[in-house]
>>> print(open('run38.tsv').read())   # TSV, N, CA and C atoms
chain	number	residue	atom	x	y	z
F	409	MET	N	-19.16	5.00	-1.07
F	409	MET	CA	-17.84	5.03	-0.48
F	409	MET	C	-17.38	6.46	-0.23
F	410	THR	N	-18.06	7.41	-0.74
F	410	THR	CA	-17.65	8.80	-0.57
F	410	THR	C	-18.57	9.50	0.42
F	411	GLU	N	-18.00	10.33	1.26
F	411	GLU	CA	-18.76	11.16	2.18
F	411	GLU	C	-18.54	12.61	1.76
F	412	ALA	N	-19.14	13.53	2.49
F	412	ALA	CA	-18.98	14.96	2.21
F	412	ALA	C	-17.51	15.36	2.30
F	413	GLU	N	-17.12	16.35	1.53
F	413	GLU	CA	-15.79	16.96	1.55
F	413	GLU	C	-14.67	16.00	1.15
F	414	GLY	N	-14.95	15.03	0.30
F	414	GLY	CA	-13.91	14.17	-0.23
F	414	GLY	C	-13.43	13.07	0.69
F	415	ASN	N	-14.05	12.91	1.85
F	415	ASN	CA	-13.66	11.83	2.73
F	415	ASN	C	-14.26	10.52	2.23
F	416	TRP	N	-13.60	9.45	2.48
F	416	TRP	CA	-14.07	8.12	2.09
F	416	TRP	C	-13.81	7.18	3.26
F	417	PHE	N	-14.37	6.02	3.22
F	417	PHE	CA	-14.19	5.05	4.29
F	417	PHE	C	-14.11	3.65	3.70
F	418	VAL	N	-13.60	2.73	4.48
F	418	VAL	CA	-13.52	1.32	4.09
F	418	VAL	C	-14.84	0.67	4.48
F	419	PRO	N	-15.53	0.02	3.55
F	419	PRO	CA	-16.82	-0.61	3.87
F	419	PRO	C	-16.66	-1.97	4.56
F	420	PHE	N	-16.18	-1.95	5.79
F	420	PHE	CA	-15.86	-3.18	6.52
F	420	PHE	C	-17.00	-4.19	6.52
F	421	GLU	N	-18.23	-3.70	6.63
F	421	GLU	CA	-19.36	-4.61	6.76
F	421	GLU	C	-19.59	-5.47	5.52
F	422	TYR	N	-18.98	-5.10	4.40
F	422	TYR	CA	-19.13	-5.86	3.16
F	422	TYR	C	-17.89	-6.68	2.80
F	423	LEU	N	-16.87	-6.64	3.62
F	423	LEU	CA	-15.60	-7.24	3.23
F	423	LEU	C	-15.29	-8.54	3.96
F	424	ASP	N	-15.02	-9.57	3.16
F	424	ASP	CA	-14.37	-10.75	3.68
F	424	ASP	C	-12.92	-10.66	3.22
F	425	ARG	N	-12.13	-11.68	3.42
F	425	ARG	CA	-10.70	-11.59	3.08
F	425	ARG	C	-10.49	-11.31	1.59
F	426	GLU	N	-11.23	-11.98	0.72
F	426	GLU	CA	-11.04	-11.79	-0.72
F	426	GLU	C	-11.49	-10.40	-1.18
F	427	SER	N	-12.61	-9.91	-0.67
F	427	SER	CA	-13.05	-8.57	-1.08
F	427	SER	C	-12.16	-7.50	-0.46
F	428	ALA	N	-11.58	-7.77	0.72
F	428	ALA	CA	-10.60	-6.84	1.30
F	428	ALA	C	-9.37	-6.77	0.40
F	429	ARG	N	-8.93	-7.92	-0.09
F	429	ARG	CA	-7.80	-7.97	-1.02
F	429	ARG	C	-8.09	-7.14	-2.27
F	430	MET	N	-9.28	-7.30	-2.81
F	430	MET	CA	-9.64	-6.55	-4.02
F	430	MET	C	-9.75	-5.05	-3.74
F	431	PHE	N	-10.30	-4.68	-2.59
F	431	PHE	CA	-10.39	-3.27	-2.22
F	431	PHE	C	-9.00	-2.65	-2.18
F	432	LEU	N	-8.06	-3.33	-1.50
F	432	LEU	CA	-6.70	-2.82	-1.39
F	432	LEU	C	-6.00	-2.77	-2.75
F	433	LYS	N	-6.21	-3.79	-3.56
F	433	LYS	CA	-5.58	-3.83	-4.88
F	433	LYS	C	-6.09	-2.69	-5.75
F	434	CYS	N	-7.38	-2.43	-5.71
F	434	CYS	CA	-7.96	-1.33	-6.49
F	434	CYS	C	-7.47	0.02	-5.97
F	435	PHE	N	-7.44	0.19	-4.65
F	435	PHE	CA	-6.97	1.45	-4.08
F	435	PHE	C	-5.51	1.69	-4.46
F	436	MET	N	-4.70	0.64	-4.35
F	436	MET	CA	-3.28	0.74	-4.71
F	436	MET	C	-3.13	1.15	-6.17
F	437	SER	N	-3.98	0.63	-7.02
F	437	SER	CA	-3.89	0.92	-8.45
F	437	SER	C	-4.14	2.40	-8.75
F	438	GLY	N	-4.91	3.05	-7.90
F	438	GLY	CA	-5.20	4.46	-8.12
F	438	GLY	C	-4.37	5.39	-7.26
F	439	ASP	N	-4.33	5.14	-5.96
F	439	ASP	CA	-3.70	6.06	-5.02
F	439	ASP	C	-2.65	5.38	-4.15
F	440	GLY	N	-1.79	4.64	-4.81
F	440	GLY	CA	-0.72	3.98	-4.09
F	440	GLY	C	0.49	3.84	-4.97
F	441	SER	N	1.52	3.26	-4.43
F	441	SER	CA	2.71	3.01	-5.24
F	441	SER	C	3.47	1.81	-4.69
F	442	ILE	N	4.03	1.07	-5.61
F	442	ILE	CA	4.95	-0.02	-5.31
F	442	ILE	C	6.17	0.26	-6.16
F	443	GLY	N	7.29	0.48	-5.53
F	443	GLY	CA	8.46	0.83	-6.32
F	443	GLY	C	9.76	0.47	-5.64
F	444	LEU	N	10.79	0.47	-6.45
F	444	LEU	CA	12.16	0.26	-5.98
F	444	LEU	C	12.87	1.61	-6.05
F	445	TYR	N	13.43	2.04	-4.93
F	445	TYR	CA	14.03	3.36	-4.84
F	445	TYR	C	15.44	3.25	-4.31
F	446	LYS	N	16.32	4.07	-4.85
F	446	LYS	CA	17.69	4.13	-4.35
F	446	LYS	C	17.67	4.76	-2.98
F	447	SER	N	18.48	4.19	-2.11
F	447	SER	CA	18.55	4.69	-0.74
F	447	SER	C	20.01	4.94	-0.40
F	448	ARG	N	20.26	6.05	0.26
F	448	ARG	CA	21.62	6.43	0.64
F	448	ARG	C	22.27	5.33	1.47
F	449	GLY	N	23.45	4.95	1.08
F	449	GLY	CA	24.21	3.97	1.82
F	449	GLY	C	23.84	2.51	1.55
F	450	LYS	N	22.90	2.28	0.65
F	450	LYS	CA	22.50	0.90	0.34
F	450	LYS	C	22.83	0.59	-1.11
F	451	LYS	N	23.36	-0.60	-1.31
F	451	LYS	CA	23.76	-1.02	-2.65
F	451	LYS	C	22.54	-1.29	-3.54
F	452	ASN	N	21.58	-2.04	-3.02
F	452	ASN	CA	20.39	-2.40	-3.78
F	452	ASN	C	19.25	-1.42	-3.52
F	453	PRO	N	18.39	-1.24	-4.50
F	453	PRO	CA	17.21	-0.38	-4.28
F	453	PRO	C	16.34	-0.92	-3.15
F	454	VAL	N	15.61	-0.04	-2.51
F	454	VAL	CA	14.72	-0.39	-1.41
F	454	VAL	C	13.29	-0.47	-1.95
F	455	LEU	N	12.59	-1.55	-1.60
F	455	LEU	CA	11.20	-1.72	-1.98
F	455	LEU	C	10.32	-0.88	-1.07
F	456	ARG	N	9.41	-0.11	-1.67
F	456	ARG	CA	8.45	0.68	-0.90
F	456	ARG	C	7.05	0.35	-1.36
F	457	VAL	N	6.16	0.18	-0.40
F	457	VAL	CA	4.75	-0.04	-0.66
F	457	VAL	C	4.01	1.02	0.15
F	458	ARG	N	3.25	1.89	-0.54
F	458	ARG	CA	2.59	2.98	0.18
F	458	ARG	C	1.24	3.33	-0.45
F	459	PHE	N	0.39	3.88	0.37
F	459	PHE	CA	-0.91	4.40	-0.04
F	459	PHE	C	-0.92	5.89	0.25
F	460	ILE	N	-1.62	6.67	-0.57
F	460	ILE	CA	-1.60	8.12	-0.45
F	460	ILE	C	-3.04	8.64	-0.41
F	461	SER	N	-3.30	9.58	0.52
F	461	SER	CA	-4.63	10.18	0.59
F	461	SER	C	-4.60	11.43	1.46
F	462	GLY	N	-5.53	12.30	1.24
F	462	GLY	CA	-5.74	13.44	2.13
F	462	GLY	C	-6.61	13.07	3.32
F	463	ASN	N	-7.13	11.85	3.32
F	463	ASN	CA	-8.06	11.38	4.33
F	463	ASN	C	-7.34	10.44	5.31
F	464	ARG	N	-6.87	10.98	6.42
F	464	ARG	CA	-6.14	10.17	7.40
F	464	ARG	C	-7.00	9.04	7.96
F	465	LYS	N	-8.25	9.32	8.27
F	465	LYS	CA	-9.15	8.30	8.83
F	465	LYS	C	-9.28	7.13	7.86
F	466	GLY	N	-9.41	7.41	6.56
F	466	GLY	CA	-9.48	6.35	5.57
F	466	GLY	C	-8.22	5.50	5.55
F	467	LEU	N	-7.05	6.15	5.62
F	467	LEU	CA	-5.79	5.40	5.65
F	467	LEU	C	-5.68	4.58	6.94
F	468	GLU	N	-6.19	5.10	8.03
F	468	GLU	CA	-6.19	4.32	9.28
F	468	GLU	C	-7.03	3.06	9.10
F	469	GLU	N	-8.12	3.16	8.36
F	469	GLU	CA	-8.96	1.99	8.10
F	469	GLU	C	-8.24	1.01	7.16
F	470	ILE	N	-7.49	1.52	6.19
F	470	ILE	CA	-6.68	0.64	5.34
F	470	ILE	C	-5.64	-0.08	6.19
F	471	ALA	N	-5.05	0.62	7.15
F	471	ALA	CA	-4.08	-0.01	8.06
F	471	ALA	C	-4.73	-1.16	8.83
F	472	ILE	N	-5.98	-1.00	9.22
F	472	ILE	CA	-6.71	-2.07	9.91
F	472	ILE	C	-6.90	-3.26	8.98
F	473	LEU	N	-7.29	-3.01	7.72
F	473	LEU	CA	-7.43	-4.12	6.75
F	473	LEU	C	-6.11	-4.86	6.59
F	474	LEU	N	-5.04	-4.11	6.39
F	474	LEU	CA	-3.73	-4.74	6.20
F	474	LEU	C	-3.36	-5.60	7.40
F	475	ARG	N	-3.56	-5.07	8.58
F	475	ARG	CA	-3.19	-5.78	9.81
F	475	ARG	C	-4.09	-6.99	10.07
F	476	ASP	N	-5.41	-6.77	10.02
F	476	ASP	CA	-6.34	-7.82	10.44
F	476	ASP	C	-6.52	-8.94	9.41
F	477	TYR	N	-6.47	-8.61	8.14
F	477	TYR	CA	-6.69	-9.61	7.10
F	477	TYR	C	-5.40	-10.23	6.57
F	478	PHE	N	-4.28	-9.49	6.65
F	478	PHE	CA	-3.05	-9.95	5.99
F	478	PHE	C	-1.81	-9.92	6.88
F	479	ARG	N	-1.97	-9.55	8.15
F	479	ARG	CA	-0.84	-9.48	9.10
F	479	ARG	C	0.29	-8.58	8.57
F	480	ILE	N	-0.09	-7.44	8.02
F	480	ILE	CA	0.87	-6.47	7.49
F	480	ILE	C	0.77	-5.19	8.33
F	481	ASN	N	1.89	-4.81	8.94
F	481	ASN	CA	1.92	-3.59	9.76
F	481	ASN	C	2.35	-2.40	8.92
F	482	SER	N	1.82	-1.24	9.30
F	482	SER	CA	2.09	-0.03	8.53
F	482	SER	C	2.17	1.17	9.46
F	483	THR	N	2.55	2.28	8.88
F	483	THR	CA	2.62	3.54	9.61
F	483	THR	C	2.12	4.66	8.69
F	484	ILE	N	1.58	5.70	9.29
F	484	ILE	CA	1.05	6.83	8.52
F	484	ILE	C	1.82	8.08	8.88
F	485	HIS	N	2.22	8.83	7.85
F	485	HIS	CA	2.96	10.07	8.04
F	485	HIS	C	2.25	11.21	7.34
F	486	PHE	N	2.31	12.39	7.96
F	486	PHE	CA	1.80	13.61	7.34
F	486	PHE	C	2.85	14.13	6.37
F	487	VAL	N	2.42	14.55	5.18
F	487	VAL	CA	3.33	15.11	4.18
F	487	VAL	C	3.02	16.59	4.06
F	488	LYS	N	3.91	17.41	4.60
F	488	LYS	CA	3.69	18.85	4.67
F	488	LYS	C	3.56	19.50	3.29
F	489	GLU	N	4.36	19.03	2.32
F	489	GLU	CA	4.39	19.66	0.99
F	489	GLU	C	3.02	19.71	0.32
F	490	TRP	N	2.23	18.70	0.49
F	490	TRP	CA	0.90	18.71	-0.14
F	490	TRP	C	-0.23	18.50	0.86
F	491	GLU	N	0.13	18.57	2.15
F	491	GLU	CA	-0.84	18.50	3.25
F	491	GLU	C	-1.75	17.28	3.15
F	492	GLY	N	-1.12	16.14	2.93
F	492	GLY	CA	-1.83	14.87	2.88
F	492	GLY	C	-1.09	13.83	3.69
F	493	PHE	N	-1.45	12.58	3.50
F	493	PHE	CA	-0.89	11.50	4.31
F	493	PHE	C	-0.40	10.36	3.43
F	494	GLU	N	0.63	9.67	3.91
F	494	GLU	CA	1.14	8.47	3.25
F	494	GLU	C	1.17	7.35	4.28
F	495	LEU	N	0.64	6.21	3.88
F	495	LEU	CA	0.70	5.01	4.69
F	495	LEU	C	1.78	4.12	4.08
F	496	TYR	N	2.77	3.75	4.87
F	496	TYR	CA	3.86	2.89	4.41
F	496	TYR	C	3.77	1.53	5.08
F	497	VAL	N	3.98	0.47	4.31
F	497	VAL	CA	4.13	-0.87	4.88
F	497	VAL	C	5.52	-0.89	5.51
F	498	LEU	N	5.60	-1.38	6.74
F	498	LEU	CA	6.83	-1.26	7.52
F	498	LEU	C	7.92	-2.28	7.17
F	499	SER	N	7.66	-3.54	7.37
F	499	SER	CA	8.73	-4.53	7.27
F	499	SER	C	8.90	-5.05	5.85
F	500	GLN	N	10.10	-5.54	5.58
F	500	GLN	CA	10.36	-6.17	4.29
F	500	GLN	C	9.43	-7.37	4.09
F	501	GLU	N	9.24	-8.14	5.15
F	501	GLU	CA	8.33	-9.29	5.08
F	501	GLU	C	6.91	-8.85	4.73
F	502	GLY	N	6.45	-7.75	5.32
F	502	GLY	CA	5.12	-7.21	5.03
F	502	GLY	C	5.01	-6.73	3.59
F	503	LYS	N	6.06	-6.09	3.09
F	503	LYS	CA	6.06	-5.62	1.70
F	503	LYS	C	5.97	-6.79	0.73
F	504	ILE	N	6.74	-7.82	0.99
F	504	ILE	CA	6.72	-9.01	0.12
F	504	ILE	C	5.34	-9.69	0.22
F	505	ARG	N	4.81	-9.80	1.43
F	505	ARG	CA	3.47	-10.38	1.61
F	505	ARG	C	2.45	-9.56	0.82
F	506	TYR	N	2.55	-8.22	0.90
F	506	TYR	CA	1.62	-7.37	0.16
F	506	TYR	C	1.69	-7.64	-1.35
F	507	ILE	N	2.89	-7.61	-1.91
F	507	ILE	CA	2.98	-7.74	-3.37
F	507	ILE	C	2.58	-9.14	-3.84
F	508	LYS	N	2.79	-10.15	-3.00
F	508	LYS	CA	2.42	-11.52	-3.39
F	508	LYS	C	0.94	-11.80	-3.19
F	509	LYS	N	0.34	-11.30	-2.13
F	509	LYS	CA	-1.04	-11.63	-1.78
F	509	LYS	C	-2.06	-10.62	-2.32
F	510	ILE	N	-1.63	-9.38	-2.56
F	510	ILE	CA	-2.59	-8.33	-2.94
F	510	ILE	C	-2.22	-7.73	-4.29
F	511	GLY	N	-1.10	-7.01	-4.37
F	511	GLY	CA	-0.63	-6.46	-5.62
F	511	GLY	C	-1.35	-5.21	-6.09
F	512	SER	N	-1.37	-5.03	-7.40
F	512	SER	CA	-1.94	-3.84	-8.05
F	512	SER	C	-2.34	-4.20	-9.47
F	513	PHE	N	-3.25	-3.45	-10.03
F	513	PHE	CA	-3.62	-3.63	-11.43
F	513	PHE	C	-2.78	-2.74	-12.36
F	514	LYS	N	-2.15	-1.71	-11.81
F	514	LYS	CA	-1.43	-0.74	-12.62
F	514	LYS	C	-0.15	-1.37	-13.20
F	515	LYS	N	0.04	-1.21	-14.50
F	515	LYS	CA	1.11	-1.87	-15.24
F	515	LYS	C	2.50	-1.65	-14.62
F	516	GLU	N	2.83	-0.41	-14.29
F	516	GLU	CA	4.16	-0.12	-13.75
F	516	GLU	C	4.39	-0.84	-12.42
F	517	ARG	N	3.35	-0.91	-11.60
F	517	ARG	CA	3.49	-1.57	-10.30
F	517	ARG	C	3.59	-3.08	-10.47
F	518	VAL	N	2.84	-3.61	-11.42
F	518	VAL	CA	2.90	-5.05	-11.70
F	518	VAL	C	4.30	-5.43	-12.18
F	519	GLN	N	4.92	-4.58	-13.00
F	519	GLN	CA	6.28	-4.84	-13.48
F	519	GLN	C	7.26	-4.88	-12.30
F	520	THR	N	7.12	-3.96	-11.36
F	520	THR	CA	7.98	-3.96	-10.17
F	520	THR	C	7.75	-5.22	-9.36
F	521	ILE	N	6.49	-5.61	-9.19
F	521	ILE	CA	6.16	-6.82	-8.43
F	521	ILE	C	6.85	-8.03	-9.05
F	522	HIS	N	6.75	-8.18	-10.37
F	522	HIS	CA	7.38	-9.32	-11.05
F	522	HIS	C	8.90	-9.29	-10.87
F	523	LYS	N	9.48	-8.11	-10.95
F	523	LYS	CA	10.92	-7.97	-10.79
F	523	LYS	C	11.36	-8.41	-9.39
F	524	VAL	N	10.62	-8.01	-8.37
F	524	VAL	CA	10.97	-8.36	-6.99
F	524	VAL	C	10.77	-9.86	-6.76
F	525	ILE	N	9.63	-10.38	-7.22
F	525	ILE	CA	9.33	-11.80	-7.00
F	525	ILE	C	10.33	-12.70	-7.72
F	526	LYS	N	10.75	-12.30	-8.91
F	526	LYS	CA	11.75	-13.11	-9.66
F	526	LYS	C	13.12	-13.05	-9.01
F	527	GLY	N	13.31	-12.13	-8.08
F	527	GLY	CA	14.60	-12.04	-7.40
F	527	GLY	C	15.56	-11.08	-8.07
F	528	GLY	N	15.06	-10.34	-9.06
F	528	GLY	CA	15.91	-9.37	-9.74
F	528	GLY	C	16.35	-8.26	-8.81
F	529	GLU	N	15.51	-7.94	-7.84
F	529	GLU	CA	15.85	-6.93	-6.84
F	529	GLU	C	15.43	-7.48	-5.48
F	530	ARG	N	16.24	-7.27	-4.48
F	530	ARG	CA	15.93	-7.78	-3.15
F	530	ARG	C	15.09	-6.79	-2.36
F	531	GLY	N	15.11	-5.51	-2.77
F	531	GLY	CA	14.34	-4.51	-2.06
F	531	GLY	C	14.90	-4.24	-0.73
>>> encode(input="run38.tsv", output="structure tokens")
Amino acid sequence: MTEAEGNWFVPFEYLDRESARMFLKCFMSGDGSIGLYKSRGKKNPVLRVRFISGNRKGLEEIAILLRDYFRINSTIHFVKEWEGFELYVLSQEGKIRYIKKIGSFKKERVQTIHKVIKGGERG
């Protein structure tokens, strides 16, 4: 999965829907975040689902997995402070679909997922 200079790629040729789900869940557990964040002018915290990497091409491939396997749209932004990229899930529906269908193994993210699913936060 690793190429020269720290680049990585999505192994599409080995992925069906379930293995794509596991790939995304594992990646999220290491280099992603699911969280509720306060937003200016909004009463309730906003749900954010994002992936982080210095490898834009890899994140573009994650965007393809999200779109083609799970109908989740995303966008990628350059982060000047650390010269890397963040992929954000765009719609509230896509964020909810992500946390319900894919999720994360990381304890803090799982706690947020349970909180959102139980209706404790609308995101």
>>> closest_atom_pairs(input="run38.tsv", of="stretch 472-527 of chain F", to="stretch 419-428 of chain F", cutoff="8 Å", atoms="only N, CA and C atoms", output="Markdown table")
| residue | atom | partner | partner_atom | distance |
| --- | --- | --- | --- | --- |
| F:Leu473 | CA | F:Ala428 | CA | 6.9 |
| F:Leu474 | N | F:Ala428 | C | 7.9 |
| F:Tyr477 | CA | F:Arg425 | CA | 6.0 |
| F:Phe478 | N | F:Arg425 | CA | 7.6 |
| F:Ile510 | CA | F:Ala428 | C | 7.7 |
>>> atom_distance(input="run38.tsv", atom1="atom CA of F:Asn415", atom2="atom C of F:Ile504")
28.8 Å
>>> atom_distance(input="run38.tsv", atom1="atom CA of F:Lys451", atom2="atom CA of F:Gly527")
15.1 Å
>>> select_by_dssp(input="run38.tsv", residues="chain F", states="strand (DSSP E or B)", output="VMD selection string")
chain F and resid 410 416 440 to 445 454 to 461 482 to 487 492 to 497
>>> residues_near_point(input="run38.tsv", point="(-7.4, 9.2, -3.7)", cutoff="8 Å", atoms="only C-alpha atoms", output="list in words")
Phe435, Gly438, Asp439, Ile460, Ser461 and Gly462 of chain F
>>> atom_distance(input="run38.tsv", atom1="atom CA of F:Glu468", atom2="atom CA of F:Lys446")
27.5 Å
>>> closest_residue(input="run38.tsv", among="F:Gly511, F:Gly466, F:Gly492, F:Gly502", to="F:Val418", atoms="all atoms listed in the file")
F:Gly466
>>> closest_residue(input="run38.tsv", among="F:Phe417, F:Phe513, F:Tyr506, F:Tyr496", to="F:Arg458", atoms="only N, CA and C atoms")
F:Tyr496
>>> closest_residue(input="run38.tsv", among="F:Arg505, F:Lys433, F:Lys450, F:Lys488", to="F:Ile470", atoms="only C-alpha atoms")
F:Lys433
>>> residues_around(input="run38.tsv", residues="stretch 480-484 of chain F", least_positions_apart="4", cutoff="7 Å", atoms="all atoms listed in the file", output="PyMOL selection string")
chain F and resi 471+473-476+493-499+502-503
>>> closest_residue(input="run38.tsv", among="F:Val487, F:Glu469, F:Leu455, F:Lys523", to="F:Ile442", atoms="all atoms listed in the file")
F:Leu455
>>> closest_residue(input="run38.tsv", among="F:Arg448, F:Arg429, F:Arg456, F:His485", to="F:Val524", atoms="only C-alpha atoms")
F:Arg456
>>> select_by_dssp(input="run38.tsv", residues="stretch 410-508 of chain F", states="alpha helix (DSSP H)", output="PyMOL selection string")
chain F and resi 425-439+464-478+500-508
>>> closest_residue(input="run38.tsv", among="F:Ser512, F:Pro453, F:Phe486, F:Arg517", to="F:Cys434", atoms="only N, CA and C atoms")
F:Ser512
>>> decode(input="run38.tsv", residues="stretch 472-509 of chain F", atoms="C-alpha atoms", output="compact mmCIF listing (two decimals), in the first residue's frame")
# COMPACT_ATOMS: atom_id res chain seq x y z
CA ILE F 472 -14.00 7.69 -5.20
CA LEU F 473 -14.61 4.87 -2.67
CA LEU F 474 -17.00 7.04 -0.69
CA ARG F 475 -18.91 8.09 -3.80
CA ASP F 476 -19.00 4.80 -5.71
CA TYR F 477 -19.56 2.35 -2.86
CA PHE F 478 -21.56 4.44 -0.38
CA ARG F 479 -23.03 7.43 -2.31
CA ILE F 480 -21.17 9.88 -0.06
CA ASN F 481 -19.88 13.11 -1.62
CA SER F 482 -16.81 14.88 -0.31
CA THR F 483 -14.42 17.71 -0.98
CA ILE F 484 -10.66 18.08 -0.52
CA HIS F 485 -8.96 21.21 0.79
CA PHE F 486 -5.30 22.16 1.07
CA VAL F 487 -4.24 23.07 4.63
CA LYS F 488 -1.49 25.67 4.44
CA GLU F 489 -0.43 25.39 8.11
CA TRP F 490 0.93 21.87 7.69
CA GLU F 491 0.98 21.64 3.89
CA GLY F 492 -1.36 18.68 3.71
CA PHE F 493 -4.92 17.91 2.69
CA GLU F 494 -8.25 17.29 4.38
CA LEU F 495 -11.15 15.45 2.79
CA TYR F 496 -14.52 16.45 4.25
CA VAL F 497 -17.82 14.63 3.82
CA LEU F 498 -20.16 17.31 2.49
CA SER F 499 -23.79 16.72 3.39
CA GLN F 500 -25.38 15.94 6.72
CA GLU F 501 -26.99 12.91 5.08
CA GLY F 502 -23.55 11.73 3.89
CA LYS F 503 -22.06 12.19 7.36
CA ILE F 504 -24.84 10.16 8.96
CA ARG F 505 -24.51 7.50 6.25
CA TYR F 506 -20.75 7.37 6.92
CA ILE F 507 -21.04 6.94 10.68
CA LYS F 508 -23.81 4.33 10.36
CA LYS F 509 -22.36 2.27 7.48
